[in-house]
Amino acid sequence: MGWKGTKQEKKEAYDKKLCDLLDEYQQIFICIADNVGSQQLQNIRRGLRPDSTVLMGKNTMMKRSVRAHAEKTGNDAFLELVPLLVGNVGLIFTKGDLKEVRDEIAKYKVGAPARVGLVAPIDVVVPPGNTGLDPSQTSFFQVLNIPTKINKGTVEIVAPVELVKVGEKVGSSEAALLAKLNIRPFSYGLIVHKVYDAGSTFDPKVLDLEDDQLVSAFQAGVANVAALSLAANYPTLASLPHSIVNAYKNVLAIAVETEYSFPLAEPVKEFLKDPSKFLAAAAASAPAESASDSKAEEKKEEKVEEEEEEDEDMGFSLFD
């Protein structure tokens, strides 16, 4: 039984409850609640406890409470919610993992029939097969241009038919036929519209991003910032490593062309002065490695020969 009181007392109680939730939670789902019944909403509340709290209410009341909370606390971050409180929406306050809670919300969907005048959220397709209806019901199928045949005294749909397209309104004939076929094509539940997290509001699709996608996007952003900074000759943390390398190249070029030198330039100048030294060193290291490999191979062959000799000494033979 609901709480009884005057209209003003109910407003004050609602305002206090919403403000208390804003003080306690930093994560909020803004959900569309079209076609969600009270019993279904109770099931969602029970399923999301204890980490989450569902709050429904009139948009004007929610907006007033959010503004009052911002004025009282001086925290304007929650004002991001005000423009989102449009239409039939509700708020889910949570302390859990956002992605896990979003997935949990999606579980509470209930099948619903196609009512007349309802805008279809998805395409409705009538599958082929035996309908179980007697031949007197063929008029429904003829009106909707659904190919049928009579099979063993019942109507059978020959091929799948797209009865209603997404965005179209359900007509009386379509609704009657779906009801006769016991098809409940639509499912309804709370749909997460936006996510609020500590002052930021974003699309729920962001929750599906993996770590490697975030790293890749961040690296691409850093590369763009570095390229822009280098082109504008404006130093930033992103462009600093590139600037240092470019500076080293410039100083190295001067050192190569002049008598000036510094420790990191010495190996380069030595190589340019006499490349044969480095080629000889590389050639010397290569035979040493091949010699070690050949010695290892010889040892392996000797071991195999010793094992074969031992087998002969034991008097065993494949032909014995």
# chains A, B, ... in the order shown; residues from 1 in each chain; ligands from 1
>>> residues_around(residues="region 48-55 of chain A", least_positions_apart="4", cutoff="6 Å", atoms="only C-alpha atoms", output="number ranges by chain")
A: 91-96
>>> select_by_dssp(residues="region 70-226 of chain A", states="strand (DSSP E or B)", output="number ranges by chain")
A: 89-94, 110-112, 119, 124-126, 129-130, 148-151, 154-157, 161-164, 169, 186-188, 191-197, 200-202
>>> select_by_dssp(residues="region 50-226 of chain A", states="alpha helix (DSSP H)", output="MDAnalysis selection string")
chainID A and resid 59:73 98:107 138:143 172:180 211:226
>>> atom_distance(atom1="CA of Gln26 (chain A)", atom2="CA of Ala77 (chain A)")
10.0 Å
>>> atom_distance(atom1="CA of Glu104 (chain A)", atom2="CA of Gly47 (chain A)")
8.0 Å
>>> residues_around(residues="Lys149 (chain A)", least_positions_apart="6", cutoff="12 Å", atoms="only C-alpha atoms", output="number ranges by chain")
A: 128-131, 133-135, 137-138, 141-142, 155-159
>>> closest_atom_pairs(of="region 158-183 of chain A", to="region 108-126 of chain A", cutoff="6 Å", atoms="only C-alpha atoms", output="CSV")
residue,atom,partner,partner_atom,distance
A:Pro160,CA,A:Val126,CA,5.6
A:Val161,CA,A:Val126,CA,5.3
A:Glu162,CA,A:Val125,CA,4.3
A:Leu163,CA,A:Val125,CA,5.5
A:Val164,CA,A:Val124,CA,5.0
A:Lys165,CA,A:Asp123,CA,4.5
A:Val166,CA,A:Ile122,CA,4.5
A:Gly167,CA,A:Ala120,CA,5.2
A:Glu168,CA,A:Val119,CA,5.4
A:Lys169,CA,A:Val119,CA,4.3
A:Val170,CA,A:Gly117,CA,5.1
A:Gly171,CA,A:Val116,CA,5.3
A:Ser172,CA,A:Val116,CA,5.4
A:Ala175,CA,A:Ala114,CA,5.5
>>> write_last_selection(atoms="all heavy atoms", output="compact mmCIF listing (two decimals), in the first residue's frame")
# COMPACT_ATOMS: atom_id res chain seq x y z
N PRO A 160 8.28 -17.46 -45.69
CA PRO A 160 8.30 -16.39 -44.67
C PRO A 160 7.88 -15.06 -45.28
O PRO A 160 8.21 -14.74 -46.41
CB PRO A 160 9.75 -16.36 -44.21
CG PRO A 160 10.54 -16.98 -45.31
CD PRO A 160 9.64 -17.99 -45.94
N VAL A 161 7.13 -14.27 -44.50
CA VAL A 161 6.61 -12.99 -44.97
C VAL A 161 6.89 -11.92 -43.93
O VAL A 161 6.62 -12.11 -42.73
CB VAL A 161 5.09 -13.07 -45.23
CG1 VAL A 161 4.55 -11.71 -45.64
CG2 VAL A 161 4.79 -14.11 -46.30
N GLU A 162 7.45 -10.78 -44.41
CA GLU A 162 7.68 -9.64 -43.52
C GLU A 162 6.35 -8.90 -43.37
O GLU A 162 5.93 -8.15 -44.24
CB GLU A 162 8.76 -8.72 -44.12
CG GLU A 162 9.25 -7.66 -43.14
CD GLU A 162 10.40 -6.85 -43.70
OE1 GLU A 162 10.11 -5.91 -44.48
OE2 GLU A 162 11.56 -7.16 -43.39
N LEU A 163 5.72 -9.11 -42.23
CA LEU A 163 4.37 -8.60 -42.02
C LEU A 163 4.36 -7.11 -41.69
O LEU A 163 3.55 -6.35 -42.24
CB LEU A 163 3.70 -9.39 -40.89
CG LEU A 163 2.20 -9.19 -40.71
CD1 LEU A 163 1.45 -9.66 -41.94
CD2 LEU A 163 1.71 -9.94 -39.47
N VAL A 164 5.25 -6.69 -40.80
CA VAL A 164 5.34 -5.28 -40.40
C VAL A 164 6.81 -4.90 -40.35
O VAL A 164 7.63 -5.64 -39.79
CB VAL A 164 4.70 -5.04 -39.01
CG1 VAL A 164 4.73 -3.54 -38.67
CG2 VAL A 164 3.28 -5.57 -38.96
N LYS A 165 7.14 -3.75 -40.94
CA LYS A 165 8.53 -3.28 -40.91
C LYS A 165 8.73 -2.36 -39.72
O LYS A 165 7.79 -1.75 -39.20
CB LYS A 165 8.86 -2.53 -42.21
CG LYS A 165 8.88 -3.42 -43.44
CD LYS A 165 9.31 -2.64 -44.68
CE LYS A 165 9.35 -3.53 -45.90
NZ LYS A 165 9.76 -2.79 -47.13
N VAL A 166 9.99 -2.28 -39.28
CA VAL A 166 10.32 -1.44 -38.14
C VAL A 166 9.92 0.01 -38.42
O VAL A 166 10.13 0.54 -39.51
CB VAL A 166 11.84 -1.53 -37.82
CG1 VAL A 166 12.68 -1.07 -38.99
CG2 VAL A 166 12.17 -0.72 -36.57
N GLY A 167 9.30 0.66 -37.43
CA GLY A 167 8.85 2.04 -37.61
C GLY A 167 7.44 2.18 -38.11
O GLY A 167 6.86 3.28 -38.05
N GLU A 168 6.85 1.09 -38.63
CA GLU A 168 5.47 1.13 -39.12
C GLU A 168 4.49 0.84 -37.99
O GLU A 168 4.82 0.14 -37.02
CB GLU A 168 5.26 0.12 -40.25
CG GLU A 168 6.04 0.42 -41.52
CD GLU A 168 5.79 -0.60 -42.61
OE1 GLU A 168 5.18 -1.66 -42.31
OE2 GLU A 168 6.19 -0.36 -43.76
N LYS A 169 3.26 1.34 -38.14
CA LYS A 169 2.23 1.05 -37.16
C LYS A 169 1.56 -0.28 -37.47
O LYS A 169 1.35 -0.63 -38.62
CB LYS A 169 1.18 2.17 -37.15
CG LYS A 169 1.66 3.46 -36.52
CD LYS A 169 0.53 4.47 -36.41
CE LYS A 169 1.00 5.74 -35.72
NZ LYS A 169 -0.09 6.73 -35.58
N VAL A 170 1.23 -1.01 -36.43
CA VAL A 170 0.57 -2.30 -36.59
C VAL A 170 -0.91 -2.07 -36.90
O VAL A 170 -1.61 -1.34 -36.18
CB VAL A 170 0.71 -3.14 -35.30
CG1 VAL A 170 -0.02 -4.48 -35.47
CG2 VAL A 170 2.17 -3.37 -34.97
N GLY A 171 -1.37 -2.67 -38.00
CA GLY A 171 -2.78 -2.54 -38.39
C GLY A 171 -3.65 -3.57 -37.71
O GLY A 171 -3.16 -4.51 -37.07
N SER A 172 -4.96 -3.43 -37.88
CA SER A 172 -5.90 -4.35 -37.23
C SER A 172 -5.78 -5.77 -37.78
O SER A 172 -5.85 -6.76 -37.03
CB SER A 172 -7.33 -3.84 -37.41
OG SER A 172 -7.63 -3.68 -38.79
N ALA A 175 -2.51 -7.33 -36.44
CA ALA A 175 -2.65 -7.67 -35.02
C ALA A 175 -3.52 -8.90 -34.83
O ALA A 175 -3.21 -9.78 -34.00
CB ALA A 175 -3.25 -6.48 -34.27
>>> residues_around(residues="Gly221 (chain A)", least_positions_apart="6", cutoff="10 Å", atoms="only C-alpha atoms", output="list in words")
Val215, Ala227 and Ala238 of chain A
>>> write_last_selection(atoms="C-alpha atoms", output="PDB file, in the first residue's frame")
ATOM      1  CA  VAL A 215      44.596   1.804 -26.164  1.00  0.00           C
ATOM      2  CA  ALA A 227      52.031  15.463 -35.701  1.00  0.00           C
ATOM      3  CA  ALA A 238      53.365  13.995 -27.190  1.00  0.00           C
TER       4      ALA A 238
END
>>> atom_distance(atom1="CA of Val245 (chain A)", atom2="CA of Lys269 (chain A)")
17.9 Å
>>> residues_around(residues="Ile30 (chain A)", least_positions_apart="4", cutoff="7 Å", atoms="only C-alpha atoms", output="list in words")
Val89, Gly90, Leu91, Ile92, Val192, His193, Lys194 and Val195 of chain A
>>> write_last_selection(atoms="C-alpha atoms", output="CSV table (one decimal), in the first residue's frame")
chain,number,residue,atom,x,y,z
A,89,VAL,CA,12.3,7.8,-18.4
A,90,GLY,CA,13.6,6.5,-15.1
A,91,LEU,CA,16.8,6.6,-13.2
A,92,ILE,CA,18.9,3.6,-11.9
A,192,VAL,CA,19.5,2.3,-21.2
A,193,HIS,CA,19.5,5.6,-23.0
A,194,LYS,CA,22.5,7.4,-21.4
A,195,VAL,CA,25.0,6.7,-18.7
>>> residues_around(residues="Ala265 (chain A)", least_positions_apart="4", cutoff="8 Å", atoms="only C-alpha atoms", output="ChimeraX atom specification")
/A:252,255-256,261,269
>>> residues_around(residues="Pro204 (chain A)", least_positions_apart="4", cutoff="12 Å", atoms="only C-alpha atoms", output="ChimeraX atom specification")
/A:28-31,98-103,191-197,208-209
>>> write_last_selection(atoms="C-alpha atoms", output="PDB file, in the first residue's frame")
ATOM      1  CA  ILE A  28      23.361   6.662 -12.921  1.00  0.00           C
ATOM      2  CA  PHE A  29      21.598   4.996 -15.856  1.00  0.00           C
ATOM      3  CA  ILE A  30      18.973   7.113 -17.631  1.00  0.00           C
ATOM      4  CA  CYS A  31      16.489   4.537 -18.953  1.00  0.00           C
ATOM      5  CA  LEU A  98      28.472  -0.356 -15.209  1.00  0.00           C
ATOM      6  CA  LYS A  99      28.709  -3.009 -17.917  1.00  0.00           C
ATOM      7  CA  GLU A 100      27.489  -5.805 -15.643  1.00  0.00           C
ATOM      8  CA  VAL A 101      24.563  -3.742 -14.363  1.00  0.00           C
ATOM      9  CA  ARG A 102      23.635  -2.728 -17.931  1.00  0.00           C
ATOM     10  CA  ASP A 103      23.596  -6.406 -18.960  1.00  0.00           C
ATOM     11  CA  ILE A 191      16.311   0.542 -22.238  1.00  0.00           C
ATOM     12  CA  VAL A 192      19.509   2.303 -21.161  1.00  0.00           C
ATOM     13  CA  HIS A 193      19.516   5.634 -23.015  1.00  0.00           C
ATOM     14  CA  LYS A 194      22.480   7.399 -21.410  1.00  0.00           C
ATOM     15  CA  VAL A 195      25.037   6.715 -18.697  1.00  0.00           C
ATOM     16  CA  TYR A 196      26.160   9.282 -16.118  1.00  0.00           C
ATOM     17  CA  ASP A 197      29.438   8.625 -14.323  1.00  0.00           C
ATOM     18  CA  ASP A 208      31.244  -2.384 -24.973  1.00  0.00           C
ATOM     19  CA  LEU A 209      34.701  -1.011 -25.791  1.00  0.00           C
TER      20      LEU A 209
END
>>> closest_residue(among="A:Gly199, A:Pro147, A:Gly132, A:Pro275", to="Leu181 (chain A)", atoms="only C-alpha atoms")
A:Gly132
>>> closest_residue(among="A:Val66, A:Gln8, A:Phe218, A:Arg45", to="Leu21 (chain A)", atoms="only C-alpha atoms")
A:Val66
